[in-house]
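Engineer: Just so it is clear, I am handing over structure.pdb, which has PDB, C-alpha atoms.
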ATOM      1  CA  MET A   7     123.454 116.666  88.956
ATOM      2  CA  LYS A   8     119.991 116.164  90.436
ATOM      3  CA  GLU A   9     119.496 114.987  94.007
ATOM      4  CA  THR A  10     117.617 111.724  94.390
ATOM      5  CA  ILE A  11     114.516 110.819  96.396
ATOM      6  CA  TYR A  12     113.709 107.164  96.966
ATOM      7  CA  VAL A  13     110.220 106.095  98.057
ATOM      8  CA  ILE A  14     110.180 102.804  99.976
ATOM      9  CA  LEU A  15     106.980 100.750  99.853
ATOM     10  CA  VAL A  16     106.734  97.564 101.914
ATOM     11  CA  ASN A  17     104.267  95.123 100.401
ATOM     12  CA  TYR A  18     102.731  92.146 102.144
ATOM     13  CA  ASN A  19      99.740  90.799 100.236
ATOM     14  CA  GLY A  20      98.852  94.332  99.178
ATOM     15  CA  LYS A  21      97.675  93.545  95.681
ATOM     16  CA  ALA A  22      94.567  95.673  96.134
ATOM     17  CA  TYR A  23      96.591  98.800  96.958
ATOM     18  CA  ASN A  24      99.861  98.816  95.039
ATOM     19  CA  GLN A  25      98.648 100.097  91.676
ATOM     20  CA  LYS A  26      96.965 103.284  92.915
ATOM     21  CA  CYS A  27      99.809 104.022  95.304
ATOM     22  CA  LEU A  28     102.470 103.694  92.618
ATOM     23  CA  GLU A  29     100.513 105.774  90.132
ATOM     24  CA  SER A  30     100.196 108.591  92.655
ATOM     25  CA  ILE A  31     103.917 108.495  93.477
ATOM     26  CA  LEU A  32     105.023 108.520  89.854
ATOM     27  CA  GLY A  33     102.639 111.402  89.203
ATOM     28  CA  SER A  34     104.541 113.534  91.688
ATOM     29  CA  ARG A  35     105.940 116.917  90.675
ATOM     30  CA  VAL A  36     109.482 116.907  92.037
ATOM     31  CA  GLU A  37     112.746 118.573  91.094
ATOM     32  CA  GLU A  38     114.681 115.577  92.397
ATOM     33  CA  GLU A  39     115.219 112.345  90.503
ATOM     34  CA  LEU A  40     112.457 110.053  91.732
ATOM     35  CA  HIS A  41     112.830 106.319  92.387
ATOM     36  CA  VAL A  42     110.561 103.733  93.989
ATOM     37  CA  ILE A  43     111.686 100.557  95.746
ATOM     38  CA  ILE A  44     108.936  98.042  96.457
ATOM     39  CA  VAL A  45     110.063  95.599  99.128
ATOM     40  CA  ASP A  46     107.950  92.467  99.173
ATOM     41  CA  ASN A  47     107.724  90.477 102.400
ATOM     42  CA  ALA A  48     107.133  87.081 100.749
ATOM     43  CA  SER A  49     103.571  87.840  99.654
ATOM     44  CA  THR A  50     101.297  84.967  98.629
ATOM     45  CA  ASP A  51      98.497  86.897  96.913
ATOM     46  CA  GLY A  52     100.143  87.204  93.498
ATOM     47  CA  SER A  53     101.054  90.840  94.095
ATOM     48  CA  VAL A  54     104.743  90.370  93.228
ATOM     49  CA  GLU A  55     103.868  88.767  89.904
ATOM     50  CA  GLU A  56     101.442  91.581  89.144
ATOM     51  CA  LEU A  57     104.014  94.216  90.092
ATOM     52  CA  ARG A  58     106.624  92.647  87.840
ATOM     53  CA  GLU A  59     104.179  92.406  84.956
ATOM     54  CA  GLN A  60     103.060  96.015  85.248
ATOM     55  CA  TRP A  61     106.205  97.840  86.379
ATOM     56  CA  SER A  62     109.313  95.882  85.408
ATOM     57  CA  GLY A  63     109.679  98.046  82.320
ATOM     58  CA  ARG A  64     109.989 101.255  84.361
ATOM     59  CA  ALA A  65     113.602 102.065  85.205
ATOM     60  CA  GLU A  66     112.587 104.160  88.221
ATOM     61  CA  VAL A  67     110.721 101.245  89.845
ATOM     62  CA  GLN A  68     112.622  98.414  91.546
ATOM     63  CA  ILE A  69     111.096  95.314  93.102
ATOM     64  CA  LEU A  70     113.016  93.692  95.936
ATOM     65  CA  ALA A  71     111.441  90.310  96.711
ATOM     66  CA  LEU A  72     112.499  88.958 100.113
ATOM     67  CA  ASP A  73     112.558  85.282 100.985
ATOM     68  CA  ASP A  74     110.485  85.698 104.150
ATOM     69  CA  ASN A  75     108.257  88.189 105.946
ATOM     70  CA  TYR A  76     110.697  90.546 107.647
ATOM     71  CA  GLY A  77     107.984  92.758 109.101
ATOM     72  CA  PHE A  78     107.513  96.498 108.754
ATOM     73  CA  ALA A  79     110.907  97.484 110.156
ATOM     74  CA  GLY A  80     112.868  94.749 108.405
ATOM     75  CA  GLY A  81     111.216  95.411 105.056
ATOM     76  CA  ASN A  82     111.837  99.142 105.280
ATOM     77  CA  ASN A  83     115.436  98.580 106.361
ATOM     78  CA  GLU A  84     116.148  96.429 103.308
ATOM     79  CA  GLY A  85     114.741  99.191 101.105
ATOM     80  CA  ILE A  86     116.687 101.909 102.924
ATOM     81  CA  LYS A  87     119.965 100.027 102.618
ATOM     82  CA  LEU A  88     119.451  99.497  98.893
ATOM     83  CA  ALA A  89     118.516 103.149  98.370
ATOM     84  CA  LEU A  90     121.592 104.376 100.251
ATOM     85  CA  THR A  91     123.908 102.208  98.154
ATOM     86  CA  GLN A  92     122.386 103.847  95.078
ATOM     87  CA  GLY A  93     123.088 107.348  96.360
ATOM     88  CA  ALA A  94     119.724 108.399  97.808
ATOM     89  CA  GLU A  95     119.740 111.858  99.387
ATOM     90  CA  TYR A  96     116.163 111.581 100.650
ATOM     91  CA  ILE A  97     114.152 108.532 101.609
ATOM     92  CA  LEU A  98     110.384 108.520 102.024
ATOM     93  CA  LEU A  99     108.892 105.604 103.944
ATOM     94  CA  LEU A 100     105.317 105.223 102.725
ATOM     95  CA  ASN A 101     102.576 102.679 103.372
ATOM     96  CA  ASN A 102     101.364 101.068 100.171
ATOM     97  CA  ASP A 103      97.718 101.565 101.227
ATOM     98  CA  THR A 104      98.050 105.293 100.507
ATOM     99  CA  GLU A 105      97.805 107.763  97.648
ATOM    100  CA  ILE A 106      99.664 111.072  97.679
ATOM    101  CA  LYS A 107      98.989 114.469  96.156
ATOM    102  CA  ALA A 108     101.270 115.478  93.306
ATOM    103  CA  ASP A 109     103.125 118.133  95.313
ATOM    104  CA  ALA A 110     103.332 116.241  98.634
ATOM    105  CA  ILE A 111     106.889 114.935  98.275
ATOM    106  CA  GLU A 112     108.279 118.260  97.078
ATOM    107  CA  ARG A 113     106.615 120.140  99.956
ATOM    108  CA  MET A 114     108.111 117.702 102.461
ATOM    109  CA  ILE A 115     111.584 117.964 100.945
ATOM    110  CA  GLU A 116     111.435 121.760 101.073
ATOM    111  CA  LEU A 117     110.661 121.610 104.788
ATOM    112  CA  GLN A 118     113.312 118.966 105.415
ATOM    113  CA  LYS A 119     115.943 121.139 103.769
ATOM    114  CA  SER A 120     115.041 124.127 105.932
ATOM    115  CA  LYS A 121     114.727 122.257 109.233
ATOM    116  CA  GLY A 122     117.093 119.285 108.871
ATOM    117  CA  SER A 123     114.397 117.153 110.443
ATOM    118  CA  ILE A 124     112.211 114.120 110.047
ATOM    119  CA  VAL A 125     109.115 115.336 108.184
ATOM    120  CA  VAL A 126     105.570 113.946 108.242
ATOM    121  CA  PRO A 127     102.581 115.110 106.151
ATOM    122  CA  LYS A 128      98.896 115.742 106.734
ATOM    123  CA  ILE A 129      97.188 112.353 106.390
ATOM    124  CA  LEU A 130      93.499 112.205 105.494
ATOM    125  CA  TYR A 131      91.170 109.216 105.394
ATOM    126  CA  ALA A 132      90.993 107.943 101.813
ATOM    127  CA  ASP A 133      87.282 107.153 102.144
ATOM    128  CA  GLN A 134      86.589 110.475 103.922
ATOM    129  CA  PRO A 135      89.012 112.886 102.234
ATOM    130  CA  ASP A 136      87.709 115.867 104.188
ATOM    131  CA  THR A 137      88.544 114.196 107.525
ATOM    132  CA  ILE A 138      91.932 114.074 109.231
ATOM    133  CA  TRP A 139      93.557 110.850 110.348
ATOM    134  CA  CYS A 140      96.856 112.381 111.460
ATOM    135  CA  ALA A 141      98.086 115.982 111.343
ATOM    136  CA  GLY A 142     101.378 115.288 113.046
ATOM    137  CA  GLY A 143     101.553 113.544 116.386
ATOM    138  CA  GLU A 144     102.673 113.847 119.966
ATOM    139  CA  LEU A 145     104.136 111.599 122.630
ATOM    140  CA  SER A 146     102.463 112.215 125.988
ATOM    141  CA  ARG A 147     104.625 113.756 128.693
ATOM    142  CA  PHE A 148     104.750 110.966 131.249
ATOM    143  CA  ILE A 149     104.119 107.603 129.610
ATOM    144  CA  ARG A 150     105.107 108.684 126.068
ATOM    145  CA  LYS A 151     101.931 107.312 124.514
ATOM    146  CA  SER A 152     101.548 108.443 120.914
ATOM    147  CA  SER A 153      98.502 110.291 119.655
ATOM    148  CA  HIS A 154      97.437 111.734 116.301
ATOM    149  CA  THR A 155      96.781 115.447 116.268
ATOM    150  CA  GLY A 156      93.416 116.344 114.757
ATOM    151  CA  MET A 157      92.257 112.751 114.405
ATOM    152  CA  ASP A 158      88.664 112.503 113.081
ATOM    153  CA  CYS A 159      88.349 116.293 112.816
ATOM    154  CA  ARG A 160      86.936 117.842 109.656
ATOM    155  CA  ASP A 161      89.789 119.411 107.691
ATOM    156  CA  ARG A 162      88.956 123.109 107.594
ATOM    157  CA  GLY A 163      92.519 124.333 107.224
ATOM    158  CA  GLN A 164      93.101 124.498 110.978
ATOM    159  CA  PHE A 165      96.173 122.260 110.605
ATOM    160  CA  ASP A 166      97.673 123.846 107.490
ATOM    161  CA  ASP A 167     100.601 125.484 109.295
ATOM    162  CA  ASN A 168     103.909 123.695 109.640
ATOM    163  CA  ARG A 169     104.937 122.999 113.208
ATOM    164  CA  ARG A 170     107.270 120.924 115.311
ATOM    165  CA  CYS A 171     105.891 117.736 116.884
ATOM    166  CA  THR A 172     107.240 114.764 118.830
ATOM    167  CA  PHE A 173     105.823 111.720 117.018
ATOM    168  CA  ALA A 174     106.434 110.681 113.407
ATOM    169  CA  ASN A 175     103.852 108.218 112.152
ATOM    170  CA  GLY A 176     105.395 105.417 110.098
ATOM    171  CA  CYS A 177     102.614 105.617 107.523
ATOM    172  CA  CYS A 178     104.592 108.382 105.816
ATOM    173  CA  MET A 179     107.950 109.636 107.045
ATOM    174  CA  LEU A 180     110.628 111.587 105.146
ATOM    175  CA  LEU A 181     114.261 111.123 106.152
ATOM    176  CA  GLY A 182     117.474 112.608 104.830
ATOM    177  CA  ARG A 183     120.658 110.589 104.337
ATOM    178  CA  GLU A 184     122.429 112.377 107.187
ATOM    179  CA  LEU A 185     119.557 111.710 109.583
ATOM    180  CA  ILE A 186     119.632 107.998 108.826
ATOM    181  CA  GLN A 187     123.384 107.954 109.377
ATOM    182  CA  LYS A 188     122.841 109.608 112.754
ATOM    183  CA  LEU A 189     119.802 107.655 113.966
ATOM    184  CA  GLY A 190     120.437 104.323 112.288
ATOM    185  CA  LEU A 191     117.868 101.965 110.796
ATOM    186  CA  MET A 192     114.516 100.958 112.271
ATOM    187  CA  ASP A 193     114.526  98.432 115.112
ATOM    188  CA  GLU A 194     113.666  95.003 113.707
ATOM    189  CA  SER A 195     112.991  93.510 117.138
ATOM    190  CA  PHE A 196     109.466  94.964 116.948
ATOM    191  CA  PHE A 197     108.504  93.251 113.651
ATOM    192  CA  LEU A 198     105.119  95.022 113.561
ATOM    193  CA  TYR A 199     103.843  98.055 115.528
ATOM    194  CA  TYR A 200     105.729 100.562 117.680
ATOM    195  CA  GLU A 201     108.666 100.908 115.276
ATOM    196  CA  ASP A 202     107.655 104.536 114.677
ATOM    197  CA  ASN A 203     107.202 105.168 118.408
ATOM    198  CA  GLU A 204     110.693 103.867 119.075
ATOM    199  CA  TYR A 205     112.187 105.841 116.175
ATOM    200  CA  SER A 206     110.488 109.017 117.404
ATOM    201  CA  MET A 207     111.804 108.454 120.926
ATOM    202  CA  ARG A 208     115.267 107.778 119.509
ATOM    203  CA  ALA A 209     115.074 111.019 117.533
ATOM    204  CA  GLY A 210     114.126 112.932 120.679
ATOM    205  CA  GLN A 211     117.023 111.382 122.567
ATOM    206  CA  GLU A 212     119.425 112.417 119.782
ATOM    207  CA  ASN A 213     117.934 115.938 119.505
ATOM    208  CA  VAL A 214     116.690 115.280 115.989
ATOM    209  CA  PRO A 215     113.551 117.394 115.383
ATOM    210  CA  ILE A 216     110.306 116.139 113.854
ATOM    211  CA  TRP A 217     108.290 118.572 111.761
ATOM    212  CA  TYR A 218     104.754 118.346 110.459
ATOM    213  CA  CYS A 219     104.229 119.661 106.916
ATOM    214  CA  GLY A 220     100.689 121.010 106.688
ATOM    215  CA  ASP A 221     100.588 121.488 102.921
ATOM    216  CA  ALA A 222     101.747 117.958 102.036
ATOM    217  CA  VAL A 223      98.699 115.701 101.784
ATOM    218  CA  VAL A 224      98.460 111.910 101.830
ATOM    219  CA  TYR A 225      95.274 109.825 101.661
ATOM    220  CA  HIS A 226      95.354 106.672 103.762
ATOM    221  CA  LYS A 227      93.206 103.564 103.509
ATOM    222  CA  VAL A 228      93.490 103.122 107.265
ATOM    223  CA  ASN A 229      94.469  99.612 108.392
ATOM    224  CA  GLY A 230      94.533  98.394 104.811
ATOM    225  CA  ALA A 231      98.039  96.947 105.104
ATOM    226  CA  THR A 232      97.491  95.323 108.505
ATOM    227  CA  LYS A 233      93.835  94.323 107.922
ATOM    228  CA  GLY A 234      92.645  96.214 110.964
ATOM    229  CA  ASN A 235      93.469  96.060 114.645
ATOM    230  CA  GLU A 236      90.900  93.394 115.519
ATOM    231  CA  ARG A 237      93.287  90.519 114.874
ATOM    232  CA  PRO A 238      94.979  88.459 117.588
ATOM    233  CA  ASP A 239      98.418  88.967 116.035
ATOM    234  CA  ASN A 240      97.977  92.716 116.236
ATOM    235  CA  ALA A 241      96.889  92.528 119.887
ATOM    236  CA  TYR A 242     100.010  90.478 120.560
ATOM    237  CA  TYR A 243     102.452  92.862 118.874
ATOM    238  CA  ILE A 244     100.887  96.021 120.295
ATOM    239  CA  THR A 245     101.006  94.595 123.818
ATOM    240  CA  ARG A 246     104.530  93.181 123.662
ATOM    241  CA  ASN A 247     106.125  96.022 121.744
ATOM    242  CA  TRP A 248     104.576  98.725 123.899
ATOM    243  CA  LEU A 249     106.334  97.127 126.854
ATOM    244  CA  ILE A 250     109.639  96.689 125.006
ATOM    245  CA  CYS A 251     109.679 100.278 123.753
ATOM    246  CA  ASN A 252     108.790 101.964 127.017
ATOM    247  CA  ARG A 253     111.116  99.861 129.159
ATOM    248  CA  ARG A 254     113.928 101.089 126.926
ATOM    249  CA  TYR A 255     113.157 104.807 127.194
ATOM    250  CA  LEU A 256     111.055 105.706 130.253
ATOM    251  CA  LYS A 257     113.533 104.885 133.014
ATOM    252  CA  LYS A 258     112.329 106.802 136.116
ATOM    253  CA  LYS A 259     108.787 106.993 134.738
ATOM    254  CA  LEU A 260     108.593 103.270 134.044
ATOM    255  CA  LEU A 261     106.596 102.407 137.181
ATOM    256  CA  LEU A 262     103.936 104.977 136.276
ATOM    257  CA  PHE A 263     103.717 103.430 132.813
ATOM    258  CA  TYR A 264     103.330  99.921 134.233
ATOM    259  CA  VAL A 265     100.372 101.082 136.333
ATOM    260  CA  TYR A 266      98.740 102.671 133.275
ATOM    261  CA  PHE A 267      99.522  99.615 131.150
ATOM    262  CA  PHE A 268      97.959  97.232 133.683
ATOM    263  CA  PHE A 269      94.633  99.061 133.780
ATOM    264  CA  ASN A 270      94.623  99.653 130.015
ATOM    265  CA  ARG A 271      95.155  95.976 129.190
ATOM    266  CA  LEU A 272      92.744  94.877 131.926
ATOM    267  CA  ALA A 273      90.042  97.085 130.430
ATOM    268  CA  TRP A 274      90.613  95.613 126.972
ATOM    269  CA  ALA A 275      90.587  92.092 128.389
ATOM    270  CA  VAL A 276      87.174  92.785 129.926
ATOM    271  CA  ILE A 277      85.851  94.308 126.668
ATOM    272  CA  TRP A 278      87.120  91.452 124.492
ATOM    273  CA  SER A 279      85.841  88.850 126.933
ATOM    274  CA  ALA A 280      82.376  90.431 126.915
ATOM    275  CA  GLN A 281      82.471  90.318 123.097
ATOM    276  CA  GLY A 282      83.552  86.691 123.101
ATOM    277  CA  LYS A 283      86.881  87.558 121.449
ATOM    278  CA  TRP A 284      88.939  85.101 123.430
ATOM    279  CA  GLY A 285      91.634  84.972 120.771
ATOM    280  CA  MET A 286      92.392  88.642 121.403
ATOM    281  CA  VAL A 287      92.656  88.067 125.148
ATOM    282  CA  LYS A 288      94.902  85.045 124.673
ATOM    283  CA  ALA A 289      97.157  86.949 122.260
ATOM    284  CA  MET A 290      97.457  89.866 124.675
ATOM    285  CA  TRP A 291      98.548  87.622 127.538
ATOM    286  CA  LYS A 292     101.022  85.880 125.231
ATOM    287  CA  GLY A 293     102.480  89.286 124.407
ATOM    288  CA  ILE A 294     103.021  89.985 128.105
ATOM    289  CA  LYS A 295     104.478  86.507 128.667
ATOM    290  CA  ASP A 296     106.897  86.831 125.733
ATOM    291  CA  PHE A 297     107.993  90.272 126.919
ATOM    292  CA  ARG A 298     108.814  88.826 130.321
ATOM    293  CA  ALA A 299     110.729  86.015 128.595
ATOM    294  CA  GLY A 300     112.743  88.524 126.561
ATOM    295  CA  LYS A 301     111.301  87.424 123.224
ATOM    296  CA  ALA A 302     111.277  89.875 120.305
ATOM    297  CA  GLY A 303     110.977  89.853 116.531
ATOM    298  CA  LYS A 304     108.442  87.745 114.681
ATOM    299  CA  LYS A 305     105.973  85.911 116.920
ATOM    300  CA  ASN A 306     106.391  82.188 117.267
ATOM    301  CA  ASP A 307     103.025  80.440 116.846
TER
END
Take the structure from the file and write it as structure tokens.

Structural biologist:
Amino acid sequence: MKETIYVILVNYNGKAYNQKCLESILGSRVEEELHVIIVDNASTDGSVEELREQWSGRAEVQILALDDNYGFAGGNNEGIKLALTQGAEYILLLNNDTEIKADAIERMIELQKSKGSIVVPKILYADQPDTIWCAGGELSRFIRKSSHTGMDCRDRGQFDDNRRCTFANGCCMLLGRELIQKLGLMDESFFLYYEDNEYSMRAGQENVPIWYCGDAVVYHKVNGATKGNERPDNAYYITRNWLICNRRYLKKKLLLFYVYFFFNRLAWAVIWSAQGKWGMVKAMWKGIKDFRAGKAGKKND
């Protein structure tokens, strides 16, 4: 009997991206039985209707329409839970603003089988396919700030070798059933941003390795799903969730992080103020205020 791989796509008003993403997934060359679960976070752009019209006849594609926007973590968790009940051996979390090469999933599964790890691929810019967006990632030593290896470098094969890393970007992340049972689901208190940071830190705490697969390639329409980082909501979630995540894990290094955080946010406040982006400044301060008040999950307007 074949093993099964389930690809989880979380859709929120992603009508412009779903078709190409699905076509690339279903064009994959895999030995495993391939399934796709599209989790819709109460989209309003007609994308669910389009998905049902185009894909409801495909047995390997399931559409799970939620009654509200559960965020990145909540949407993925609903897909993961459904996949596990259907016997998934491997689960690939994938942004719907991506397209993948035909052998990407199989390459990642091969590495996962040999390492028993979380696996992430080489991610290239979709509009600059010779340029790297993320070739694995690292969490800095002291404040555990995530960074993308090779970001904006021309892809000349310098990141083709597999290697161990410390940060798994949520854009594309392969998990095995046993790893999910050990680490648990994603933390829904974040709603948007820093879920992958927290999951990577949790993996490190539980001695679960993260491996980068250099011959698995994904093309990413960067910020397509979140509409860019120049939105007040994004400034809010990044600010609040950064604080929530690091307070949980840094412990003795927390004071050093707070110093860095203060100057980082102050610098952005000055930049946004000079640009007249007062909404960004206001959202950032609300993020700090809500963190201090112990608020998590979806932002209350």

Engineer: Using only C-alpha atoms, pick whichever of A:Phe78, A:Tyr255, A:Tyr243, A:Trp248 has the shortest atom-to-atom distance to Arg208 of chain A.

Structural biologist: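 Closest to Arg208 of chain A, using only C-alpha atoms: A:Tyr255.
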
Engineer: Padding of 8 Å on every side, edges along x, y and z, all listed atoms of segment 178-185 of chain A included: what centre and edge lengths in Å, to one decimal, does that box have, as lines of an AutoDock Vina configuration file?

Structural biologist:
center_x = 113.5
center_y = 110.5
center_z = 107.0
size_x = 33.8
size_y = 20.2
size_z = 21.2

Engineer: Report as a count of residues only all protein, DNA and RNA residues lying within 12 Å of Asn247 of chain A, evaluated on only C-alpha atoms, omitting residues in the same chain fewer than 2 positions from it.

Structural biologist: 39

Engineer: Going by the chain IDs and residue numbers used in this file, which residues fall under the PyMOL selection byres ((chain A and resi 21) around 10)? Write them as number ranges by chain.

Structural biologist: A: 17-20, 22-25, 49-57, 102-103

Engineer: Tell me, counting all atoms listed in the file, for each residue of segment 14-37 of chain A within 9 Å of segment 84-95 of chain A, which pair of atoms is nearest and how far apart they are in Å to one decimal, in rows ordered by chain and increasing number, as a Markdown table.

Structural biologist:
| residue | atom | partner | partner_atom | distance |
| --- | --- | --- | --- | --- |
| A:Ile14 | CA | A:Gly85 | CA | 5.9 |
| A:Leu15 | CA | A:Gly85 | CA | 8.0 |
| A:Val16 | CA | A:Gly85 | CA | 8.2 |

Engineer: Those same residues - C-alpha atoms - I'd like them written as a PDB file, in the frame of the given file.

Structural biologist:
ATOM      1  CA  ILE A  14     110.180 102.804  99.976  1.00  0.00           C
ATOM      2  CA  LEU A  15     106.980 100.750  99.853  1.00  0.00           C
ATOM      3  CA  VAL A  16     106.734  97.564 101.914  1.00  0.00           C
TER       4      VAL A  16
END

Engineer: Atom CA of Glu112 of chain A and atom CA of Tyr218 of chain A, how far apart in Å?

Structural biologist: 13.8 Å

Engineer: Could you write out as a list in words the residues that the PyMOL selection byres ((chain A and resi 30) around 9) matches in the shown file?

Structural biologist: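 Output of the PyMOL selection byres ((chain A and resi 30) around 9): Gln25, Lys26, Cys27, Leu28, Glu29, Ile31, Leu32, Gly33, Ser34, Thr104, Glu105, Ile106, Lys107 and Ala108 of chain A.
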
Engineer: Export C-alpha atoms of the chosen residues as a PDB file, in the frame of the given file?

Structural biologist:
ATOM      1  CA  GLN A  25      98.648 100.097  91.676  1.00  0.00           C
ATOM      2  CA  LYS A  26      96.965 103.284  92.915  1.00  0.00           C
ATOM      3  CA  CYS A  27      99.809 104.022  95.304  1.00  0.00           C
ATOM      4  CA  LEU A  28     102.470 103.694  92.618  1.00  0.00           C
ATOM      5  CA  GLU A  29     100.513 105.774  90.132  1.00  0.00           C
ATOM      6  CA  ILE A  31     103.917 108.495  93.477  1.00  0.00           C
ATOM      7  CA  LEU A  32     105.023 108.520  89.854  1.00  0.00           C
ATOM      8  CA  GLY A  33     102.639 111.402  89.203  1.00  0.00           C
ATOM      9  CA  SER A  34     104.541 113.534  91.688  1.00  0.00           C
ATOM     10  CA  THR A 104      98.050 105.293 100.507  1.00  0.00           C
ATOM     11  CA  GLU A 105      97.805 107.763  97.648  1.00  0.00           C
ATOM     12  CA  ILE A 106      99.664 111.072  97.679  1.00  0.00           C
ATOM     13  CA  LYS A 107      98.989 114.469  96.156  1.00  0.00           C
ATOM     14  CA  ALA A 108     101.270 115.478  93.306  1.00  0.00           C
TER      15      ALA A 108
END

Engineer: Extract, using all atoms listed in the file, all DNA, RNA and protein residues at most 8 Å from Leu130 of chain A, discarding same-chain residues fewer than 4 positions from it, and format them as a list in words.

Structural biologist: Gln134, Pro135, Asp136, Thr137, Ile138, Trp139, Cys140, Val223, Val224, Tyr225 and His226 of chain A

Engineer: Quote the spacing between atom CA of Gly156 of chain A and atom CA of Gly143 of chain A in Å to one decimal place.

Structural biologist: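 Distance between the two atoms: 8.8 Å.
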
Engineer: Here's the selection I'm unsure about, the PyMOL selection byres ((chain A and resi 276-287) around 8); applied to the file above, which residues does it give, as number ranges by chain?

Structural biologist: A: 236-238, 241-242, 272-275, 288-291

Engineer: Could you list, as a ChimeraX atom specification, every residue within 10 Å of Ile11 of chain A, counting all atoms listed in the file and ignoring same-chain residues fewer than 3 positions away?

Structural biologist: /A:8,14,36-42,89,93-98,111-112,115,180-182
